[in-house]
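Colleague: Here it is: the structure, laid out below.
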Amino acid sequence: MQNGGEPRQHTIAVLVENRFGVLSRVAGLFSARGYNIESLSVGETLDPSVSRMTIVVHGDEFVIEQVMKQLHKLIDVIKVSDLTDDDHVERELMLIRVNAEPQHRAEIMRTADIFRAKIVDVTPSSFTIEATGDEGKLEALAELLRPMGIQELVRTGKVAIARGPKTRARKAAGEGARRARISDDPRVIGFAD
Amino acid sequence: MKTSGARIVLECLKREGVDTIFGLPGGAVLPIYDALYDFEGLRHILVRQEAAAGHAAEGYARTTGKVGVCLVTSGPAATNLVTALQDASMDSIPIVALTGQVPTHLIGNDAFQEADNCGITRPCTKHNFLVKDGKDLGPIIREAFHIAATGRPGPVHIDLPKDILVKEAELIWPDKVQLRSYNPNYDGHPGQIKKAARLMVQAHRPVLYVGGGVISSGAHAELLELAELTQIPLTTTLMGLGAFPSEHPLSLEMLGMHGTYYANMAVHASDVLVAIGARFDDRVTGKVELFAPEAEIIHIDIDPSSISKNIQVHVPIVGDCRRVLRALIDAVREEMRDEVPSLAREARTQWLAQIAQWREKQPLRYEWDDQLIKPQYVMQEISNLTRGEAYVVTGVGQHQMWAAQYYKFKYPRRWCTSGGLGTMGYGLPTAMGVAAAHPGALVVNIDGDGSFVMNSQELATCYDYNLPVKTIIINNGGHGMVRQWQEIIYKGRFFAVDLDRSPDFVKLAEAYGCVGLRASRPSEVVPALEKAFSTPGPVVVDVVVDKWEYVFPMVPAGGANKDMILDRPNKAVKDNAAKSQTGF
C-alpha cells in the first residue's frame, strides 16, 4: 500500500504474560510477516507475572499499524504502545572491551569520563567499559575507541519508558506537535480492552 | 477427588458440550484411549489419517457453529495435523486439537515419536498450550475452547505429555474464563457506524461485499434486512457463500478471480463499498491499486489486524458482524428518515439498471455438448436435485470454483470449502465431519480426480461409521486448474498435469465397501445423481467430464478485476495473461 509516509524507526513497548513460549511467539510473528526487528529486549516488570518487551522496528505508518495490531492479536500480549511520538526516555547499555596499551590508557580513561562511562574491569592489556545512553552516544563512544582496537562489544538493545504525567505547560506545547490519527481511538482500532 | 489426567481431559471435553471426537490413537495418547474405553457420553470416530481428523473437526464446526475436536498422538500425527490447523486458521474455523507428547522428562531428548509440537503449530494456530501440570488441565481446556470460539474464531492446540495423562490430579473447573490479555471488541464504535450509515444512504453506486465472518457470527438475518432496507446489491466471497440467498434479486453472487462479471464490474465501479466480515484476500482484490478505485471503503471486522492490511480503509468498524449490522440497520433507518437527496435516489435507480445490464450481457455460461459432460451442467443438476439445501463440501480446484458459481445457496452453514489455504484433499474428510454432525442429512462432496485421491482413504471411515457422504468426482483426467493456468498463462506448455492413469473410482469405492457409479455422457448425469442421493450409505459417482473446459470468468493473478477473461482466450489475450506469471 502507498502513502504510509516515510519509513522510520519506532520504539514499541509490549506488555506480555510472563510465560513459556512468549518470546518465540513475538519473534515468530516478525519473521512470518516479514517485519524487521532492529532490537528487542525483555525483562520482568514490577508484577512478576508480566514481562515487558521493548522492540525497535523500522517501517512506515501502515507497517507499524499492522505490527501493533498483529502483536495485540497474540493471546499472551496484554498491551502494546508505540512510544515513538510520545514523550519518553530511551536508553541502551553497552559493554566494550578495548586494547589498553600503556600509551593509550590515559586517553581511554578520559574518553570514558567524557561519556560518563565506567571502567568495570582492568587487565594489563585491556579495559572493559560500561556505557549507557541513546544510540548516537554509544556509537560515538565506540567510534572514538576503535583506533585503540576493540576486542569485543556487546549491546543490550534499547529499553524505553514514558515520561511521568505532563505539566500543563508541557502538555500544551506537546499538543499540535503530533497530528491526530484514527488509531488514537482504541475502539476504532480494536484495542478497547 | 483425584483422577487420571486422561479422565480429566474427557470430563472437561464433555463439560464443554463436546459430543464427537475425530481421532487416531498412538503411544502418547493411549492413556486417553484407555479412559475412553468406559467413558460415557463421547462418540469417537476413528479416521485413517490425522489430517482427516482435523478436517472432519472443521466440517463439524463450520456446519454446527460449535467447536470441533480432534485427538491424535505425538510426532508424525501432530505434523500430519498441521495442514488442517493452518486451514482452520486461514478460514477462521473454531477447532480444538489435542495431541499427545512424550513424557515431560523426555521432552527435548529426541525421544521416539517426539516433535516440538507447540513450536510447529505456533504459527498456524490462534493459540497453543503445553500442559506441564495435571492441575492446569481444566483451566487450559476451558481457555482453549473460549479462545477458539470467541473473537475471530480459529484453531487452538493443546499438547498433552503422556505422564500428565497418567498421573492423578484434581479436576479444576473455573466458572468462567477471564483473560486480561484477550478481550475481543464486539460492539462497533457508534460514531463510525453513524458515518457508515450516512455514506451508505447517500451513495450513488454502493455494493456490499460479504465474507465468512457473517456466517461465523450468525448475521445472515441482519444482512438480509440491511440489504433489503437499503436496496444495495451484494456480492460474497468464496467463504461468504450461503450468507445471502444466491437467487435473491440483489445477489451478484461471488466476486474475485472466478467471480461473476457483474459482481466484479459492480465492485470496480462502486463509490461506496461495504466489506462485512471479509478480509480483502488477493483472490478477491486482484491488483490492489485497481480494486474499487473510486470507492470509499467501510470495513466491518472483528479482527482489527484485518482492517487496512491489504487495502486502506476509510471507515473501519471493529466489532462482531451481527451486533454491528444490528446497530447499522438502526443508524440507516435514522439517516433515511431525513430526506434522501433526489440526486442519490435517481443515481441508485440507474445503478441497479446498470447492474442488470451487466448481468444480461455476461451471465455465467457454458456451451452445451451432446456427447461430452460439461462440469458446469453437473453443478446445476446437483443444485436442482438438492434444491440448494444440501450440505456441500468441495475439494480444491476447478470443480470448487464451478460449485461456487453454479450451486444456488439458500442457507448459511451448509457450505464448507478450503478458501484461504486451498487444501486439496479437504473434501472427503470434511464431508465426513459434516455427516457425523448431521445424521440423516444429505451431504454432497464435490471433488476432483486430483483432489479426491489426496484423502480417499477416508472412504474406509465413511463405510465403517456409515457416514453417508455422496462424493461426486468431476473427473477431467488431471489437475484441471493447473491445466487451465498452463494453457492460458504458460503458453500451453503442459507438464505434470495429466492423471490419465487414475484408479477406477467405481472399483475403488467398491473396494472400500461403498457404492460406486459412473456417468460418461450428459444423459447419464441426472440418473446417476438421483441414484447416488437415494442410495443409503456412502456413494462415489465418477463423472467423466470434458477435460478442456475452463473456469470463466478468470482474472489472471495480479491483474485488475475488470479485465476478466470471459471466454476461451485467443493468442493476444494469452500473451497478455502470460505477463502476469510473476503475479500470484
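By order in the C-alpha cells, chains are A, B, ...; within a chain, residues start at 1; ligands start at 1, following the order shown.
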Considering only C-alpha atoms, return as number ranges by chain whatever protein or nucleic-acid residues lie within 9 Å of region 136-153 of chain A, sequence-local ones (same chain, fewer than 6 positions apart) excluded.
Modeller: A: 92-101, 104, 108, 111-112, 115, 126
Colleague: With C-alpha atoms retained, write the just-selected residues as a short mmCIF file (atom, residue, chain, number, x, y, z; two decimals), in the first residue's frame.
Modeller:
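What ended up in part13.cif:
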```cif
data_model
loop_
_atom_site.label_atom_id
_atom_site.label_comp_id
_atom_site.auth_asym_id
_atom_site.auth_seq_id
_atom_site.Cartn_x
_atom_site.Cartn_y
_atom_site.Cartn_z
CA GLU A 92 20.74 1.23 25.89
CA LEU A 93 23.65 -0.35 27.73
CA MET A 94 26.90 -1.26 26.01
CA LEU A 95 29.89 -3.24 27.32
CA ILE A 96 33.07 -2.80 25.36
CA ARG A 97 36.50 -4.39 25.91
CA VAL A 98 39.23 -2.39 24.32
CA ASN A 99 43.01 -2.79 23.99
CA ALA A 100 44.74 -0.69 26.63
CA GLU A 101 48.38 -0.23 25.69
CA HIS A 104 46.60 4.82 25.41
CA ILE A 108 40.74 5.82 27.14
CA THR A 111 37.16 9.39 26.88
CA ALA A 112 35.15 7.14 29.19
CA PHE A 115 30.83 9.86 28.09
CA SER A 126 42.65 -4.16 28.31
#
```
Colleague: Name the residues of chain A that fall into alpha helix (DSSP H) according to DSSP on the backbone, using the chain letters and numbers of this document, as a PyMOL selection string.
Modeller: chain A and resi 22-33+61-73+102-114+135-145+168-174+186-189
Colleague: Using only C-alpha atoms, find each residue of chain B with at least one atom at most 7 Å away from an atom of chain A; report its shortest atom-to-atom pair and that distance in Å (one decimal), sort the rows by chain and rising residue number, and return the result as JSON lines.
Modeller:
```
{"residue": "B:His127", "atom": "CA", "partner": "A:Ile75", "partner_atom": "CA", "distance": 6.6}
{"residue": "B:Arg180", "atom": "CA", "partner": "A:Ile78", "partner_atom": "CA", "distance": 6.6}
{"residue": "B:Ser181", "atom": "CA", "partner": "A:Ile78", "partner_atom": "CA", "distance": 4.1}
{"residue": "B:Tyr182", "atom": "CA", "partner": "A:Ile75", "partner_atom": "CA", "distance": 5.8}
{"residue": "B:Asn183", "atom": "CA", "partner": "A:Asp193", "partner_atom": "CA", "distance": 5.9}
{"residue": "B:Asn185", "atom": "CA", "partner": "A:Gly190", "partner_atom": "CA", "distance": 6.0}
{"residue": "B:His189", "atom": "CA", "partner": "A:Arg187", "partner_atom": "CA", "distance": 6.1}
{"residue": "B:Pro304", "atom": "CA", "partner": "A:Gly190", "partner_atom": "CA", "distance": 5.4}
{"residue": "B:Ser305", "atom": "CA", "partner": "A:Lys69", "partner_atom": "CA", "distance": 5.0}
{"residue": "B:Lys309", "atom": "CA", "partner": "A:Gln66", "partner_atom": "CA", "distance": 6.7}
{"residue": "B:Asn310", "atom": "CA", "partner": "A:Met1", "partner_atom": "CA", "distance": 6.9}
{"residue": "B:Ile311", "atom": "CA", "partner": "A:Met1", "partner_atom": "CA", "distance": 6.9}
{"residue": "B:Pro316", "atom": "CA", "partner": "A:Val188", "partner_atom": "CA", "distance": 6.6}
{"residue": "B:Ile317", "atom": "CA", "partner": "A:Val188", "partner_atom": "CA", "distance": 6.1}
{"residue": "B:Val318", "atom": "CA", "partner": "A:Gly190", "partner_atom": "CA", "distance": 5.6}
```
Colleague: Quick check for you: according to DSSP on this backbone, which residues of region 73-241 of chain B are classed as strand (DSSP E)? Reply as a VMD selection string.
Modeller: chain B and resid 95 to 101 127 to 130 155 to 161 168 to 170 206 to 210 234 to 236
Colleague: Would you export the selected residues with C-alpha atoms as a compact mmCIF listing (two decimals), in the first residue's frame, please?
Modeller:
```
# COMPACT_ATOMS: atom_id res chain seq x y z
CA ILE B 95 -11.42 -26.27 16.48
CA VAL B 96 -9.55 -27.61 19.47
CA ALA B 97 -6.79 -30.07 18.56
CA LEU B 98 -5.37 -32.36 21.21
CA THR B 99 -2.03 -34.02 20.55
CA GLY B 100 -0.03 -36.43 22.63
CA GLN B 101 3.52 -35.64 23.65
CA HIS B 127 -3.09 -20.08 20.33
CA ASN B 128 -1.49 -23.20 21.74
CA PHE B 129 -0.68 -24.74 25.11
CA LEU B 130 1.76 -27.29 26.51
CA PRO B 155 -7.85 -23.41 15.89
CA VAL B 156 -6.32 -23.92 19.33
CA HIS B 157 -3.86 -26.71 20.02
CA ILE B 158 -3.18 -28.42 23.36
CA ASP B 159 -0.10 -30.62 23.69
CA LEU B 160 -0.51 -33.34 26.34
CA PRO B 161 2.61 -35.12 27.67
CA GLU B 168 -3.73 -38.37 39.06
CA ALA B 169 -4.70 -34.79 39.69
CA GLU B 170 -7.55 -32.69 40.97
CA PRO B 206 -22.91 1.20 -3.36
CA VAL B 207 -22.06 -2.51 -3.08
CA LEU B 208 -21.99 -4.84 -0.06
CA TYR B 209 -19.04 -7.23 -0.08
CA VAL B 210 -19.67 -10.08 2.34
CA LEU B 234 -24.49 -7.70 -2.59
CA THR B 235 -21.60 -9.94 -3.56
CA THR B 236 -20.00 -12.62 -1.42
```
Colleague: List as a short mmCIF file (atom, residue, chain, number, x, y, z; two decimals) with N, CA, C and O atoms, in the first residue's frame the protein and nucleic acid residues near Ile276 (chain B), meaning an atom at most 9 Å away when only C-alpha atoms are counted, but skip any in the same chain fewer than 5 places from it.
Modeller:
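And here is the file that came out, result24.cif:
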```
data_model
loop_
_atom_site.label_atom_id
_atom_site.label_comp_id
_atom_site.auth_asym_id
_atom_site.auth_seq_id
_atom_site.Cartn_x
_atom_site.Cartn_y
_atom_site.Cartn_z
N LEU B 208 -22.39 -4.12 -1.28
CA LEU B 208 -21.99 -4.84 -0.06
C LEU B 208 -21.11 -6.01 -0.47
O LEU B 208 -21.43 -6.74 -1.40
N TYR B 209 -20.00 -6.17 0.23
CA TYR B 209 -19.04 -7.23 -0.08
C TYR B 209 -18.90 -8.07 1.20
O TYR B 209 -18.42 -7.60 2.21
N VAL B 210 -19.41 -9.31 1.13
CA VAL B 210 -19.67 -10.08 2.34
C VAL B 210 -18.79 -11.32 2.42
O VAL B 210 -18.69 -12.07 1.45
N GLY B 211 -18.19 -11.56 3.55
CA GLY B 211 -17.30 -12.71 3.72
C GLY B 211 -17.80 -13.69 4.77
O GLY B 211 -18.90 -13.56 5.31
N GLY B 212 -16.95 -14.63 5.08
CA GLY B 212 -17.29 -15.71 6.01
C GLY B 212 -17.61 -15.24 7.43
O GLY B 212 -18.24 -15.96 8.19
N GLY B 213 -17.17 -14.03 7.77
CA GLY B 213 -17.45 -13.51 9.11
C GLY B 213 -18.93 -13.40 9.40
O GLY B 213 -19.37 -13.55 10.54
N VAL B 214 -19.72 -13.15 8.35
CA VAL B 214 -21.17 -13.05 8.54
C VAL B 214 -21.73 -14.41 8.96
O VAL B 214 -22.64 -14.49 9.79
N ILE B 298 -15.89 1.00 3.62
CA ILE B 298 -16.29 0.78 5.01
C ILE B 298 -15.93 -0.67 5.31
O ILE B 298 -16.23 -1.55 4.50
N HIS B 299 -15.27 -0.92 6.42
CA HIS B 299 -14.88 -2.31 6.70
C HIS B 299 -15.30 -2.71 8.11
O HIS B 299 -14.84 -2.13 9.09
N ILE B 300 -16.19 -3.71 8.19
CA ILE B 300 -16.63 -4.23 9.48
C ILE B 300 -15.94 -5.55 9.71
O ILE B 300 -16.07 -6.48 8.91
N ASP B 301 -15.16 -5.67 10.77
CA ASP B 301 -14.49 -6.94 11.06
C ASP B 301 -14.16 -7.02 12.53
O ASP B 301 -13.86 -6.02 13.17
N CYS B 321 -19.88 -8.91 13.49
CA CYS B 321 -20.74 -8.54 12.35
C CYS B 321 -22.20 -8.40 12.75
O CYS B 321 -22.89 -7.47 12.36
N LEU B 325 -24.09 -4.96 12.47
CA LEU B 325 -25.16 -4.83 11.47
C LEU B 325 -26.46 -4.39 12.13
O LEU B 325 -27.21 -3.58 11.58
#
```
Colleague: Mind checking which residues fall within 10 Å of Thr54 (chain A), counting only C-alpha atoms, ignoring those fewer than 5 positions away in the same chain, and posting them as a VMD selection string?
Modeller: chain A and resid 11 to 15 39 to 43 80 to 83 90 157 to 161
Colleague: Determine, counting only C-alpha atoms, which protein, DNA and RNA residues have an atom within 12 Å of an atom of Tyr366 (chain B); residues of the same chain fewer than 2 positions away are not included. Present the result as a PyMOL selection string.
Modeller: chain B and resi 362-364+368-369+373-380+402+405-406+546+549-553+566-568
Colleague: Compare B:Cys514, B:Val324, B:Ala88, B:Ile164 by their minimum atom-to-atom distance to Gly422 (chain B), counting only C-alpha atoms, and give me the closest one.
Modeller: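 The closest residue to Gly422 (chain B) is B:Ala88.
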Colleague: Let me make sure I understand: among B:Ala57, B:Ala6, B:Leu42, B:Met257, which one has the smallest atom-to-atom distance to Asp87 (chain B) if we use only C-alpha atoms?
Modeller: B:Ala57
Colleague: Hey, which of B:Asn466, B:Gln398, B:Thr417, B:Gln457 ends up closest to Trp548 (chain B)? Count only C-alpha atoms.
Modeller: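 Closest to Trp548 (chain B), using only C-alpha atoms: B:Gln398.
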